[in-house]
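File shown: model26.pdb. Contents: PDB, C-alpha atoms.
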```
ATOM      1  CA  MET A  22     -18.730 -13.183   9.572
ATOM      2  CA  ALA A  23     -18.577 -12.329   5.851
ATOM      3  CA  PRO A  24     -15.679 -10.086   4.769
ATOM      4  CA  MET A  25     -16.539  -6.376   4.303
ATOM      5  CA  SER A  26     -16.402  -6.511   0.470
ATOM      6  CA  ALA A  27     -18.886  -9.413   0.364
ATOM      7  CA  ARG A  28     -21.259  -7.568   2.727
ATOM      8  CA  ASN A  29     -21.069  -4.454   0.530
ATOM      9  CA  GLN A  30     -21.958  -6.498  -2.553
ATOM     10  CA  GLU A  31     -24.966  -7.958  -0.734
ATOM     11  CA  THR A  32     -26.141  -4.458   0.176
ATOM     12  CA  GLU A  33     -25.673  -3.223  -3.378
ATOM     13  CA  ALA A  34     -27.561  -6.180  -4.855
ATOM     14  CA  VAL A  35     -30.875  -5.242  -3.185
ATOM     15  CA  HIS A  36     -33.572  -4.720  -5.837
ATOM     16  CA  ARG A  37     -36.712  -2.772  -5.048
ATOM     17  CA  ALA A  38     -39.994  -2.751  -6.933
ATOM     18  CA  GLY A  39     -43.371  -1.332  -6.091
ATOM     19  CA  PHE A  40     -46.164   1.106  -6.767
ATOM     20  CA  ALA A  41     -46.211   4.849  -6.247
ATOM     21  CA  CYS A  42     -49.202   7.014  -6.979
ATOM     22  CA  PHE A  43     -49.369  10.714  -7.706
ATOM     23  CA  VAL A  44     -52.349  12.468  -6.177
ATOM     24  CA  GLY A  45     -53.435  16.070  -6.139
ATOM     25  CA  ARG A  46     -56.261  18.258  -7.211
ATOM     26  CA  PRO A  47     -57.043  18.412 -10.929
ATOM     27  CA  ASN A  48     -54.363  20.003 -13.132
ATOM     28  CA  ALA A  49     -51.569  19.757 -10.526
ATOM     29  CA  GLY A  50     -49.079  18.331 -13.047
ATOM     30  CA  LYS A  51     -49.462  14.616 -12.222
ATOM     31  CA  SER A  52     -49.692  13.316 -15.803
ATOM     32  CA  THR A  53     -46.838  15.541 -17.050
ATOM     33  CA  LEU A  54     -44.609  14.255 -14.240
ATOM     34  CA  THR A  55     -45.555  10.630 -15.004
ATOM     35  CA  ASN A  56     -44.639  11.086 -18.676
ATOM     36  CA  ALA A  57     -41.349  12.833 -17.788
ATOM     37  CA  LEU A  58     -40.295  10.024 -15.436
ATOM     38  CA  VAL A  59     -41.198   7.250 -17.886
ATOM     39  CA  GLY A  60     -39.593   9.177 -20.765
ATOM     40  CA  GLN A  61     -42.600   8.658 -23.028
ATOM     41  CA  LYS A  62     -46.238   9.684 -23.240
ATOM     42  CA  VAL A  63     -48.279   7.205 -21.186
ATOM     43  CA  ALA A  64     -50.752   9.633 -19.587
ATOM     44  CA  ILE A  65     -52.741  12.297 -21.391
ATOM     45  CA  THR A  66     -52.037  15.889 -20.451
ATOM     46  CA  SER A  67     -54.148  18.957 -20.972
ATOM     47  CA  ASN A  68     -54.387  22.423 -19.485
ATOM     48  CA  ARG A  69     -57.975  21.514 -18.665
ATOM     49  CA  PRO A  70     -58.555  20.107 -15.182
ATOM     50  CA  GLN A  71     -59.836  16.550 -14.753
ATOM     51  CA  THR A  72     -58.537  15.002 -17.979
ATOM     52  CA  THR A  73     -57.259  11.748 -16.461
ATOM     53  CA  ARG A  74     -59.974   9.136 -16.062
ATOM     54  CA  HIS A  75     -58.029   5.900 -15.806
ATOM     55  CA  THR A  76     -55.210   4.943 -13.462
ATOM     56  CA  VAL A  77     -52.322   4.745 -15.912
ATOM     57  CA  ARG A  78     -49.341   2.724 -14.836
ATOM     58  CA  GLY A  79     -46.093   4.130 -16.141
ATOM     59  CA  ILE A  80     -43.042   1.966 -15.464
ATOM     60  CA  VAL A  81     -39.579   3.354 -14.669
ATOM     61  CA  HIS A  82     -36.822   0.749 -15.063
ATOM     62  CA  ARG A  83     -33.502   1.078 -13.236
ATOM     63  CA  PRO A  84     -30.780  -1.536 -12.661
ATOM     64  CA  ASP A  85     -31.613  -1.631  -8.935
ATOM     65  CA  ALA A  86     -35.322  -0.845  -9.007
ATOM     66  CA  GLN A  87     -38.613  -0.775 -10.838
ATOM     67  CA  LEU A  88     -40.927   2.101  -9.987
ATOM     68  CA  ILE A  89     -44.505   1.627 -11.179
ATOM     69  CA  LEU A  90     -46.343   4.945 -11.300
ATOM     70  CA  VAL A  91     -50.084   5.015 -10.894
ATOM     71  CA  ASP A  92     -51.568   8.245 -12.197
ATOM     72  CA  THR A  93     -54.978   8.835 -10.637
ATOM     73  CA  PRO A  94     -57.732  11.281 -11.564
ATOM     74  CA  GLY A  95     -57.649  14.496  -9.515
ATOM     75  CA  LEU A  96     -59.706  14.212  -6.339
ATOM     76  CA  HIS A  97     -62.517  16.753  -6.550
ATOM     77  CA  LYS A  98     -66.022  17.557  -5.347
ATOM     78  CA  PRO A  99     -68.150  15.296  -7.562
ATOM     79  CA  ARG A 100     -71.128  16.747  -9.403
ATOM     80  CA  THR A 101     -71.995  13.647 -11.431
ATOM     81  CA  LEU A 102     -71.977   9.860 -11.094
ATOM     82  CA  LEU A 103     -68.791   9.869 -13.211
ATOM     83  CA  GLY A 104     -67.193  12.245 -10.666
ATOM     84  CA  GLU A 105     -68.143   9.948  -7.778
ATOM     85  CA  ARG A 106     -66.663   6.937  -9.586
ATOM     86  CA  LEU A 107     -63.429   8.797 -10.312
ATOM     87  CA  ASN A 108     -63.079   9.695  -6.621
ATOM     88  CA  ASP A 109     -63.637   6.032  -5.667
ATOM     89  CA  VAL A 110     -60.837   5.069  -8.072
ATOM     90  CA  VAL A 111     -58.486   7.503  -6.302
ATOM     91  CA  ARG A 112     -59.238   6.220  -2.792
ATOM     92  CA  THR A 113     -58.941   2.559  -3.798
ATOM     93  CA  THR A 114     -55.570   3.288  -5.420
ATOM     94  CA  TRP A 115     -54.254   5.100  -2.317
ATOM     95  CA  ALA A 116     -55.020   2.071  -0.181
ATOM     96  CA  GLU A 117     -53.001  -0.263  -2.412
ATOM     97  CA  VAL A 118     -49.742   1.574  -3.214
ATOM     98  CA  ASP A 119     -46.370   1.546  -1.415
ATOM     99  CA  VAL A 120     -45.801   5.305  -1.459
ATOM    100  CA  ILE A 121     -47.925   8.382  -2.238
ATOM    101  CA  GLY A 122     -46.616  11.481  -4.038
ATOM    102  CA  PHE A 123     -48.823  14.526  -3.364
ATOM    103  CA  CYS A 124     -48.459  17.034  -6.223
ATOM    104  CA  LEU A 125     -48.983  20.705  -5.357
ATOM    105  CA  PRO A 126     -48.362  23.363  -8.028
ATOM    106  CA  ALA A 127     -45.786  26.024  -7.060
ATOM    107  CA  ASP A 128     -47.732  28.779  -8.839
ATOM    108  CA  GLN A 129     -50.943  28.416  -6.787
ATOM    109  CA  LYS A 130     -51.323  29.058  -3.057
ATOM    110  CA  LEU A 131     -52.561  26.082  -1.027
ATOM    111  CA  GLY A 132     -56.344  26.060  -1.211
ATOM    112  CA  PRO A 133     -59.332  24.160   0.211
ATOM    113  CA  GLY A 134     -58.851  21.412  -2.436
ATOM    114  CA  ASP A 135     -55.279  20.744  -1.245
ATOM    115  CA  ARG A 136     -56.349  20.696   2.404
ATOM    116  CA  PHE A 137     -59.210  18.317   1.596
ATOM    117  CA  ILE A 138     -56.769  15.853  -0.023
ATOM    118  CA  ALA A 139     -54.137  16.288   2.720
ATOM    119  CA  LYS A 140     -56.796  15.493   5.366
ATOM    120  CA  GLU A 141     -57.670  12.288   3.505
ATOM    121  CA  LEU A 142     -53.951  11.421   3.279
ATOM    122  CA  ALA A 143     -53.531  11.975   7.025
ATOM    123  CA  GLU A 144     -55.988   9.100   7.565
ATOM    124  CA  ILE A 145     -53.697   6.698   5.671
ATOM    125  CA  ARG A 146     -51.205   6.232   8.487
ATOM    126  CA  LYS A 147     -48.951   3.456   7.183
ATOM    127  CA  THR A 148     -48.180   4.651   3.656
ATOM    128  CA  PRO A 149     -45.189   7.035   3.362
ATOM    129  CA  LYS A 150     -46.005  10.386   1.725
ATOM    130  CA  VAL A 151     -43.739  12.606  -0.369
ATOM    131  CA  ALA A 152     -44.810  16.187  -1.182
ATOM    132  CA  ILE A 153     -43.919  17.140  -4.769
ATOM    133  CA  VAL A 154     -44.097  20.856  -5.525
ATOM    134  CA  THR A 155     -44.646  20.952  -9.304
ATOM    135  CA  LYS A 156     -44.395  23.646 -12.014
ATOM    136  CA  THR A 157     -41.413  25.384 -10.377
ATOM    137  CA  ASP A 158     -40.513  26.876 -13.780
ATOM    138  CA  LEU A 159     -43.517  29.207 -13.380
ATOM    139  CA  VAL A 160     -42.353  30.957 -10.176
ATOM    140  CA  ASP A 161     -39.382  32.878  -8.756
ATOM    141  CA  SER A 162     -37.251  31.523  -5.896
ATOM    142  CA  LYS A 163     -39.042  33.572  -3.196
ATOM    143  CA  THR A 164     -42.485  32.252  -4.174
ATOM    144  CA  LEU A 165     -41.096  28.707  -4.328
ATOM    145  CA  ALA A 166     -39.544  29.004  -0.850
ATOM    146  CA  GLU A 167     -42.868  30.253   0.549
ATOM    147  CA  GLN A 168     -44.717  27.323  -1.038
ATOM    148  CA  LEU A 169     -42.238  24.763   0.358
ATOM    149  CA  ILE A 170     -42.682  26.213   3.865
ATOM    150  CA  ALA A 171     -46.500  26.200   3.485
ATOM    151  CA  VAL A 172     -46.447  22.538   2.383
ATOM    152  CA  ASP A 173     -44.242  21.552   5.344
ATOM    153  CA  GLN A 174     -46.631  23.414   7.668
ATOM    154  CA  LEU A 175     -49.672  21.657   6.165
ATOM    155  CA  GLY A 176     -48.303  18.230   7.175
ATOM    156  CA  LYS A 177     -47.548  19.456  10.709
ATOM    157  CA  GLU A 178     -51.065  20.940  11.093
ATOM    158  CA  LEU A 179     -52.607  17.586  10.198
ATOM    159  CA  GLY A 180     -50.291  15.591  12.440
ATOM    160  CA  PHE A 181     -48.079  13.785   9.942
ATOM    161  CA  GLU A 182     -44.598  14.222   8.540
ATOM    162  CA  TRP A 183     -43.688  14.223   4.861
ATOM    163  CA  GLN A 184     -40.913  11.714   4.100
ATOM    164  CA  GLN A 185     -39.548  14.320   1.688
ATOM    165  CA  ILE A 186     -40.577  17.621   0.115
ATOM    166  CA  VAL A 187     -39.165  18.027  -3.388
ATOM    167  CA  PRO A 188     -39.574  20.901  -5.909
ATOM    168  CA  VAL A 189     -39.717  19.801  -9.550
ATOM    169  CA  SER A 190     -40.343  21.094 -13.058
ATOM    170  CA  ALA A 191     -41.373  18.284 -15.394
ATOM    171  CA  VAL A 192     -41.563  20.691 -18.347
ATOM    172  CA  GLY A 193     -38.095  22.147 -17.640
ATOM    173  CA  ASP A 194     -36.763  18.664 -16.711
ATOM    174  CA  LYS A 195     -35.497  19.970 -13.355
ATOM    175  CA  GLN A 196     -35.145  17.418 -10.529
ATOM    176  CA  VAL A 197     -37.377  14.889 -12.335
ATOM    177  CA  GLN A 198     -34.924  12.029 -11.676
ATOM    178  CA  LEU A 199     -34.560  13.184  -8.073
ATOM    179  CA  VAL A 200     -38.267  12.382  -7.588
ATOM    180  CA  ALA A 201     -37.549   8.770  -8.595
ATOM    181  CA  ASP A 202     -34.427   8.744  -6.369
ATOM    182  CA  LEU A 203     -36.563   9.733  -3.370
ATOM    183  CA  LEU A 204     -39.478   7.362  -4.075
ATOM    184  CA  ILE A 205     -37.427   4.203  -4.763
ATOM    185  CA  PRO A 206     -35.957   3.744  -1.227
ATOM    186  CA  LEU A 207     -39.562   3.736   0.080
ATOM    187  CA  LEU A 208     -40.476   0.679  -2.055
ATOM    188  CA  PRO A 209     -40.262  -2.892  -0.742
ATOM    189  CA  GLU A 210     -37.431  -5.232  -1.713
ATOM    190  CA  SER A 211     -38.734  -7.217  -4.666
ATOM    191  CA  PRO A 212     -37.689  -8.595  -8.057
ATOM    192  CA  PRO A 213     -39.018  -6.662 -11.099
ATOM    193  CA  LEU A 214     -42.804  -6.932 -11.471
ATOM    194  CA  TYR A 215     -42.908  -6.151 -15.214
ATOM    195  CA  PRO A 216     -40.667  -7.266 -18.106
ATOM    196  CA  GLU A 217     -37.771  -4.973 -19.084
ATOM    197  CA  GLY A 218     -38.930  -2.593 -21.824
ATOM    198  CA  ASP A 219     -42.593  -2.407 -20.731
ATOM    199  CA  LEU A 220     -43.534   1.234 -20.132
ATOM    200  CA  THR A 221     -47.176   0.770 -19.170
ATOM    201  CA  ASP A 222     -49.705  -2.015 -18.650
ATOM    202  CA  GLU A 223     -52.550  -0.025 -20.162
ATOM    203  CA  PRO A 224     -54.179  -1.942 -23.052
ATOM    204  CA  GLU A 225     -53.235  -0.384 -26.411
ATOM    205  CA  GLN A 226     -56.889   0.317 -27.273
ATOM    206  CA  VAL A 227     -57.350   2.336 -24.073
ATOM    207  CA  MET A 228     -54.186   4.352 -24.773
ATOM    208  CA  VAL A 229     -55.256   5.001 -28.370
ATOM    209  CA  ALA A 230     -58.674   6.195 -27.133
ATOM    210  CA  GLU A 231     -56.966   8.496 -24.612
ATOM    211  CA  LEU A 232     -54.720  10.010 -27.314
ATOM    212  CA  ILE A 233     -57.778  10.740 -29.480
ATOM    213  CA  ARG A 234     -59.548  12.301 -26.479
ATOM    214  CA  GLU A 235     -56.504  14.459 -25.726
ATOM    215  CA  ALA A 236     -56.537  15.816 -29.293
ATOM    216  CA  ALA A 237     -60.313  16.380 -29.083
ATOM    217  CA  LEU A 238     -59.897  18.356 -25.837
ATOM    218  CA  GLU A 239     -57.549  20.899 -27.388
ATOM    219  CA  GLY A 240     -59.167  24.220 -28.110
ATOM    220  CA  VAL A 241     -62.793  23.330 -27.366
ATOM    221  CA  ARG A 242     -65.063  25.426 -25.227
ATOM    222  CA  ASP A 243     -64.719  25.253 -21.469
ATOM    223  CA  GLU A 244     -67.925  23.285 -20.897
ATOM    224  CA  LEU A 245     -66.977  20.462 -23.259
ATOM    225  CA  PRO A 246     -63.979  18.529 -21.782
ATOM    226  CA  HIS A 247     -66.034  16.546 -19.285
ATOM    227  CA  SER A 248     -68.530  15.647 -21.990
ATOM    228  CA  ILE A 249     -66.067  13.858 -24.283
ATOM    229  CA  ALA A 250     -65.482  10.109 -24.185
ATOM    230  CA  VAL A 251     -63.761   7.989 -26.837
ATOM    231  CA  VAL A 252     -64.213   4.294 -27.529
ATOM    232  CA  VAL A 253     -61.999   2.415 -29.995
ATOM    233  CA  GLU A 254     -64.330  -0.083 -31.660
ATOM    234  CA  GLU A 255     -61.635  -2.022 -33.513
ATOM    235  CA  MET A 256     -57.986  -2.043 -34.532
ATOM    236  CA  ILE A 257     -57.254  -4.384 -37.447
ATOM    237  CA  PRO A 258     -54.284  -4.712 -39.818
ATOM    238  CA  ARG A 259     -55.298  -3.848 -43.412
ATOM    239  CA  GLU A 260     -55.389  -7.008 -45.522
ATOM    240  CA  ASN A 261     -53.217  -7.645 -48.586
ATOM    241  CA  ARG A 262     -50.582  -5.051 -47.691
ATOM    242  CA  PRO A 263     -46.904  -5.694 -48.532
ATOM    243  CA  ALA A 264     -44.927  -6.768 -45.434
ATOM    244  CA  ASP A 265     -42.763  -3.630 -45.566
ATOM    245  CA  ARG A 266     -45.806  -1.318 -45.807
ATOM    246  CA  PRO A 267     -48.281  -2.388 -43.107
ATOM    247  CA  LEU A 268     -51.330  -0.265 -42.274
ATOM    248  CA  LEU A 269     -53.489  -0.489 -39.163
ATOM    249  CA  ASP A 270     -57.160   0.470 -39.496
ATOM    250  CA  ILE A 271     -58.519   2.061 -36.313
ATOM    251  CA  HIS A 272     -62.244   2.754 -36.014
ATOM    252  CA  ALA A 273     -63.207   4.958 -33.069
ATOM    253  CA  ASN A 274     -66.266   6.841 -31.833
ATOM    254  CA  VAL A 275     -66.078  10.203 -30.064
ATOM    255  CA  TYR A 276     -69.083  10.498 -27.732
ATOM    256  CA  ILE A 277     -70.580  13.762 -26.525
ATOM    257  CA  GLU A 278     -73.661  14.348 -24.354
ATOM    258  CA  ARG A 279     -75.854  16.648 -26.456
ATOM    259  CA  PRO A 280     -76.575  17.068 -30.178
ATOM    260  CA  SER A 281     -75.639  20.793 -29.868
ATOM    261  CA  GLN A 282     -72.043  19.754 -28.996
ATOM    262  CA  LYS A 283     -71.618  17.846 -32.248
ATOM    263  CA  GLY A 284     -70.892  20.966 -34.283
ATOM    264  CA  ILE A 285     -68.199  22.087 -31.825
ATOM    265  CA  ILE A 286     -66.299  18.806 -32.204
ATOM    266  CA  ILE A 287     -66.775  18.491 -35.980
ATOM    267  CA  GLY A 288     -66.109  22.159 -36.796
ATOM    268  CA  PRO A 289     -66.985  24.051 -40.011
ATOM    269  CA  LYS A 290     -67.019  21.559 -42.909
ATOM    270  CA  GLY A 291     -65.454  18.917 -40.643
ATOM    271  CA  SER A 292     -62.246  20.944 -40.151
ATOM    272  CA  ARG A 293     -61.968  20.388 -36.385
ATOM    273  CA  LEU A 294     -62.530  16.646 -36.537
ATOM    274  CA  LYS A 295     -59.966  16.416 -39.333
ATOM    275  CA  GLU A 296     -57.442  18.232 -37.151
ATOM    276  CA  VAL A 297     -58.221  15.927 -34.193
ATOM    277  CA  GLY A 298     -57.600  12.953 -36.499
ATOM    278  CA  MET A 299     -54.284  14.320 -37.809
ATOM    279  CA  LYS A 300     -52.942  15.227 -34.339
ATOM    280  CA  SER A 301     -53.938  11.999 -32.652
ATOM    281  CA  ARG A 302     -52.774   9.837 -35.577
ATOM    282  CA  LYS A 303     -49.247  11.225 -35.208
ATOM    283  CA  HIS A 304     -49.127  10.211 -31.506
ATOM    284  CA  ILE A 305     -50.798   6.841 -32.166
ATOM    285  CA  GLU A 306     -48.256   5.978 -34.877
ATOM    286  CA  ALA A 307     -45.419   6.894 -32.490
ATOM    287  CA  LEU A 308     -46.997   4.732 -29.768
ATOM    288  CA  LEU A 309     -47.671   1.673 -31.945
ATOM    289  CA  GLY A 310     -44.715   2.048 -34.320
ATOM    290  CA  THR A 311     -46.829   1.491 -37.429
ATOM    291  CA  PRO A 312     -48.704   3.634 -39.997
ATOM    292  CA  VAL A 313     -52.362   4.094 -39.107
ATOM    293  CA  PHE A 314     -55.613   4.862 -40.935
ATOM    294  CA  LEU A 315     -57.898   6.535 -38.393
ATOM    295  CA  ASP A 316     -61.658   6.516 -38.933
ATOM    296  CA  LEU A 317     -63.415   8.854 -36.467
ATOM    297  CA  HIS A 318     -67.155   9.283 -35.919
ATOM    298  CA  VAL A 319     -68.925  11.643 -33.514
ATOM    299  CA  LYS A 320     -71.945  10.213 -31.671
ATOM    300  CA  VAL A 321     -74.345  11.479 -28.998
ATOM    301  CA  ALA A 322     -74.702   9.472 -25.758
ATOM    302  CA  LYS A 323     -77.278  11.574 -23.920
ATOM    303  CA  ASP A 324     -76.115  12.692 -20.426
ATOM    304  CA  TRP A 325     -73.692   9.757 -20.262
ATOM    305  CA  GLN A 326     -71.870  11.122 -17.182
ATOM    306  CA  ARG A 327     -75.020  10.624 -15.081
ATOM    307  CA  ASP A 328     -76.218   7.326 -16.559
ATOM    308  CA  PRO A 329     -74.819   4.096 -14.988
ATOM    309  CA  LYS A 330     -75.617   2.056 -18.123
ATOM    310  CA  GLN A 331     -73.857   4.511 -20.454
ATOM    311  CA  LEU A 332     -70.869   4.785 -18.067
ATOM    312  CA  ARG A 333     -70.435   1.001 -18.178
ATOM    313  CA  LYS A 334     -70.630   1.012 -21.974
ATOM    314  CA  LEU A 335     -67.970   3.746 -22.157
ATOM    315  CA  GLY A 336     -65.635   1.874 -19.812
ATOM    316  CA  PHE A 337     -66.130   3.635 -16.465
TER     317      PHE A 337
END
```

Rewrite the coordinates I just gave you, this time as structure tokens.
Amino acid sequence: MAPMSARNQETEAVHRAGFACFVGRPNAGKSTLTNALVGQKVAITSNRPQTTRHTVRGIVHRPDAQLILVDTPGLHKPRTLLGERLNDVVRTTWAEVDVIGFCLPADQKLGPGDRFIAKELAEIRKTPKVAIVTKTDLVDSKTLAEQLIAVDQLGKELGFEWQQIVPVSAVGDKQVQLVADLLIPLLPESPPLYPEGDLTDEPEQVMVAELIREAALEGVRDELPHSIAVVVEEMIPRENRPADRPLLDIHANVYIERPSQKGIIIGPKGSRLKEVGMKSRKHIEALLGTPVFLDLHVKVAKDWQRDPKQLRKLGF
């Protein structure tokens, strides 16, 4: 039998790696939590529901583990073909991950949307589930305690047990690392799946498009968020630049569904579009680590959310 010290070293040397996905109704704090855990912006956030359209993988590296976070769109009652496709993305992701984190905001009582998702989760017997009560900075301790009890009760009603229930504030950076601490033991033993230093496996062009869309979503009318899609047509280094002063030319199109929406995005004398360009350029330069010239154009793709051909063209 191996001496005690050798057995301890063997136990300590276990490395875990695997996939965790955050689910929840739209605007439950999934993207903010992903970004807080990774330590950098990999998922777009907005106070508008339903802003995430791609499953973004954020990667948390630790000496003993690699936690790959899959951020899914919020599961919702679909009203368009786009909505149906987003829901399919969620369900496919659930079936493939090692652990599911169900995000429920502390400042909103459990509603039909939460129950709908919890019922779907109850069907996935094998995958461990952790309840994450988000946005705790927005409530007092009594409200938080009531929410934690309600979440515990919800699992019992549907015949399953949460592996853990954890309150967290991604904005206030409270218990963010504890979320990782609780998810990691539920991952399989495995060597790292991604190289050290990688924070996401999203293609750069997709991330750039998402950053532009995030800037375009800010401050527009309520009916517009779902109507905006962004496609980066090309990203090319500017020729004949000195090596110490590179410049990346990015040409992107912002698509909306109706000609009447064009004015909202462009703004008086182009002021809104200019602001979108300035805001997104700052984030893009931070992401890519190089100065950027951003060329934005607004185009109409009529009723693209309901048109299979247009959806394919826009990457859905």

Ranking A:Ala201, A:Ile249, A:Leu179, A:Ile285 by minimum distance to Trp325 of chain A and counting only C-alpha atoms, which one comes first?
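For Trp325 of chain A, the nearest of the candidates is A:Ile249.
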
Find the residues with any atom within 8 Å of (-41.4, 10.2, 5.8); use all atoms listed in the file and the coordinates as given in the file, and write the answer as a ChimeraX atom specification.
/A:149-151,182-185

Suppose we keep C-alpha atoms; can you now write the selection as a PDB file, keeping the file's coordinate frame?
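Output contents, as saved in again-v2.pdb:
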```pdb
ATOM      1  CA  PRO A 149     -45.189   7.035   3.362  1.00  0.00           C
ATOM      2  CA  LYS A 150     -46.005  10.386   1.725  1.00  0.00           C
ATOM      3  CA  VAL A 151     -43.739  12.606  -0.369  1.00  0.00           C
ATOM      4  CA  GLU A 182     -44.598  14.222   8.540  1.00  0.00           C
ATOM      5  CA  TRP A 183     -43.688  14.223   4.861  1.00  0.00           C
ATOM      6  CA  GLN A 184     -40.913  11.714   4.100  1.00  0.00           C
ATOM      7  CA  GLN A 185     -39.548  14.320   1.688  1.00  0.00           C
TER       8      GLN A 185
END
```

Run the PyMOL selection byres ((chain A and resi 120) around 10) on the file and write out the hits as JSON, numbers by chain.
{"A": [39, 40, 41, 42, 43, 90, 115, 116, 117, 118, 119, 121, 122, 123, 147, 148, 149, 150, 151, 184, 204, 205, 206, 207, 208, 209]}

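Applied to the file shown here, the PyMOL selection byres ((chain A and resi 306) around 12) selects the residues Glu225, Met228, Val229, Leu232, Ile233, Pro267, Leu268, Leu269, Asp270, Ile271, Gly298, Met299, Lys300, Ser301, Arg302, Lys303, His304, Ile305, Ala307, Leu308, Leu309, Gly310, Thr311, Pro312, Val313, Phe314 and Leu315 of chain A.
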
With distances taken over only C-alpha atoms, which of A:Lys156, A:Arg106, A:Lys140, A:Arg259 is nearest to Asn48 of chain A?
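With only C-alpha atoms as the atom set, the closest residue is A:Lys156.
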
Could you tell me how far atom CA of Arg112 of chain A lies from atom CA of Arg146 of chain A, in Å and to one decimal?
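Between atom CA of Arg112 of chain A and atom CA of Arg146 of chain A the gap works out to 13.8 Å.
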
So that I can see what lies close to Gly132 of chain A, please list as a compact mmCIF listing (two decimals) with C-alpha atoms, keeping the file's coordinate frame the residues with an atom at most 12 Å from it, counting all atoms listed in the file and leaving out residues fewer than 2 positions away in the same chain.
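Result file is part29.txt:
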```txt
# COMPACT_ATOMS: atom_id res chain seq x y z
CA GLY A 45 -53.44 16.07 -6.14
CA ARG A 46 -56.26 18.26 -7.21
CA LEU A 125 -48.98 20.70 -5.36
CA PRO A 126 -48.36 23.36 -8.03
CA ASP A 128 -47.73 28.78 -8.84
CA GLN A 129 -50.94 28.42 -6.79
CA LYS A 130 -51.32 29.06 -3.06
CA GLY A 134 -58.85 21.41 -2.44
CA ASP A 135 -55.28 20.74 -1.25
CA ARG A 136 -56.35 20.70 2.40
CA PHE A 137 -59.21 18.32 1.60
CA ILE A 138 -56.77 15.85 -0.02
CA ALA A 139 -54.14 16.29 2.72
CA GLN A 168 -44.72 27.32 -1.04
CA ALA A 171 -46.50 26.20 3.48
CA VAL A 172 -46.45 22.54 2.38
CA LEU A 175 -49.67 21.66 6.16
```

Interatomic distance between atom CA of Gln198 of chain A and atom CA of Leu142 of chain A?
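Answer for the atom CA of Gln198 of chain A to atom CA of Leu142 of chain A separation: 24.2 Å.
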
What's around Thr155 of chain A at 9 Å? Count all atoms listed in the file, leave out sequence neighbours fewer than 3 positions away in its own chain, and write the answer as a VMD selection string.
chain A and resid 49 to 51 54 124 to 128 158 187 to 191

Could you take the residues named above and write them with C-alpha atoms, as an mmCIF file, in the frame of the given file?
```cif
data_model
loop_
_atom_site.group_PDB
_atom_site.id
_atom_site.type_symbol
_atom_site.label_atom_id
_atom_site.label_comp_id
_atom_site.auth_asym_id
_atom_site.auth_seq_id
_atom_site.Cartn_x
_atom_site.Cartn_y
_atom_site.Cartn_z
ATOM 1 C CA ALA A 49 -51.569 19.757 -10.526
ATOM 2 C CA GLY A 50 -49.079 18.331 -13.047
ATOM 3 C CA LYS A 51 -49.462 14.616 -12.222
ATOM 4 C CA LEU A 54 -44.609 14.255 -14.240
ATOM 5 C CA CYS A 124 -48.459 17.034 -6.223
ATOM 6 C CA LEU A 125 -48.983 20.705 -5.357
ATOM 7 C CA PRO A 126 -48.362 23.363 -8.028
ATOM 8 C CA ALA A 127 -45.786 26.024 -7.060
ATOM 9 C CA ASP A 128 -47.732 28.779 -8.839
ATOM 10 C CA ASP A 158 -40.513 26.876 -13.780
ATOM 11 C CA VAL A 187 -39.165 18.027 -3.388
ATOM 12 C CA PRO A 188 -39.574 20.901 -5.909
ATOM 13 C CA VAL A 189 -39.717 19.801 -9.550
ATOM 14 C CA SER A 190 -40.343 21.094 -13.058
ATOM 15 C CA ALA A 191 -41.373 18.284 -15.394
#
```

Listed atoms of segment 213-218 of chain A boxed axis-aligned with 6 Å per side, centre + edges as JSON:
```
{"center_x": -40.3, "center_y": -4.9, "center_z": -16.5, "size_x": 17.1, "size_y": 16.7, "size_z": 22.7}
```

Atom CA of Asn56 of chain A to atom CA of Leu169 of chain A, straight-line distance in Å
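Taking atom CA of Leu169 of chain A as the start and atom CA of Asn56 of chain A as the end point, the length is 23.6 Å.
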
Name the closest residue to Thr157 of chain A among the candidates A:Val192, A:Leu107, A:Ala236, A:Glu278; distances are taken between atoms, counting all atoms listed in the file.
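Of all the options, A:Val192 lies closest to Thr157 of chain A.
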
Result set of the PyMOL selection byres ((chain A and resi 213) around 10) on the coordinates above, as JSON, numbers by chain:
{"A": [36, 37, 38, 39, 82, 83, 84, 85, 86, 87, 88, 89, 210, 211, 212, 214, 215, 216, 217]}

Counting all atoms listed in the file, closest pick from A:Val81, A:Val44, A:Ala250, A:Ala237 relative to Ile153 of chain A is A:Val44
